[in-house]
Amino acid sequence: MGYIKSPALSDKALAVLYALFFRGALQSGDIPSPAGANELRDAGLAHTQHTATAFDGEDYFTYLTAEGQHYAIQNLVDTRFGVAQKSDGNDSRTITLKIAVDTYDVQAALEELDKQICKVLPKYRAPQRGPGHLPIPSFLLFACA
C-alpha cells in the first residue's frame with residue numbers, strides 16, 4: 001500500500017483511531033467516542049462486528065481494518081497525525097560511528113613478524129610427508145620470495 005491521503009477526521013475520530021491502534025480491538029463501552037467510531041467506519045478505517053472468538057466473555061468489537069492500520073501507522077508512527085517530526089539526532093533507526101584507529105604499532109609488529117618468518121623459512125627443505133613434518137603454507141613461501 002502506498003501513502004493514504006488523510007481524510008478530514010474529527011478530533012473524536014482521531015481519539016478512536018488512537019485508542020484502536022494502541023490498545024487494539026475494543027468493546028463498545030471502551031470506545032472513546034461512538035460518533036468517532038462511526039466516522040472511522042464510514043471512512044473504511046474501522047469495522048465493528050461479532051467475532052467467532054470471545055474475549056473476556058465478549059464477542060462484539062470495533063477494530064481497525066487493514067487500511068485503518070496502514071493509515072494509523074502513517075499518522076501515529078511515521079508522523080504525528082500527518083505532520084513529520086524533526087529528528088533530534090537520537091533516531092534509534094540511524095547510527096553513525098566515526099572512529100580513528102592508530103595502526104602504526106600493529107603494522108610495525110606485523111612487519112617484524114614477517115621478517116622473522118622469512119628468516120626461518122629458508123632453513124626448511126621442501127615439505128615432506130610423514131609424522132613430525134608439516135608442510136609450509138604456500139602463502140608463506142611467496143611472501144618471502
# chains A, B, ... in the order shown; residues from 1 in each chain; ligands from 1
call {"tool": "residues_around", "arguments": {"residues": "segment 30-42 of chain A", "least_positions_apart": "6", "cutoff": "6 Å", "atoms": "only C-alpha atoms", "output": "list in words"}}
result
Lys12, Ala13 and Val16 of chain A
call {"tool": "residues_around", "arguments": {"residues": "segment 47-52 of chain A", "least_positions_apart": "5", "cutoff": "8 Å", "atoms": "only C-alpha atoms", "output": "VMD selection string"}}
result
chain A and resid 41 59 to 65
call {"tool": "write_last_selection", "arguments": {"atoms": "C-alpha atoms", "output": "JSON list (two decimals), in the first residue's frame"}}
result
[["chain", "number", "residue", "atom", "x", "y", "z"],
["A", 41, "ARG", "CA", -16.33, 3.07, 9.86],
["A", 59, "ASP", "CA", -17.71, -11.17, 21.13],
["A", 60, "TYR", "CA", -18.62, -7.74, 19.68],
["A", 61, "PHE", "CA", -15.64, -5.50, 18.92],
["A", 62, "THR", "CA", -14.55, -2.49, 16.91],
["A", 63, "TYR", "CA", -11.14, -2.82, 15.29],
["A", 64, "LEU", "CA", -9.04, -1.15, 12.61],
["A", 65, "THR", "CA", -9.28, -2.52, 9.08]]
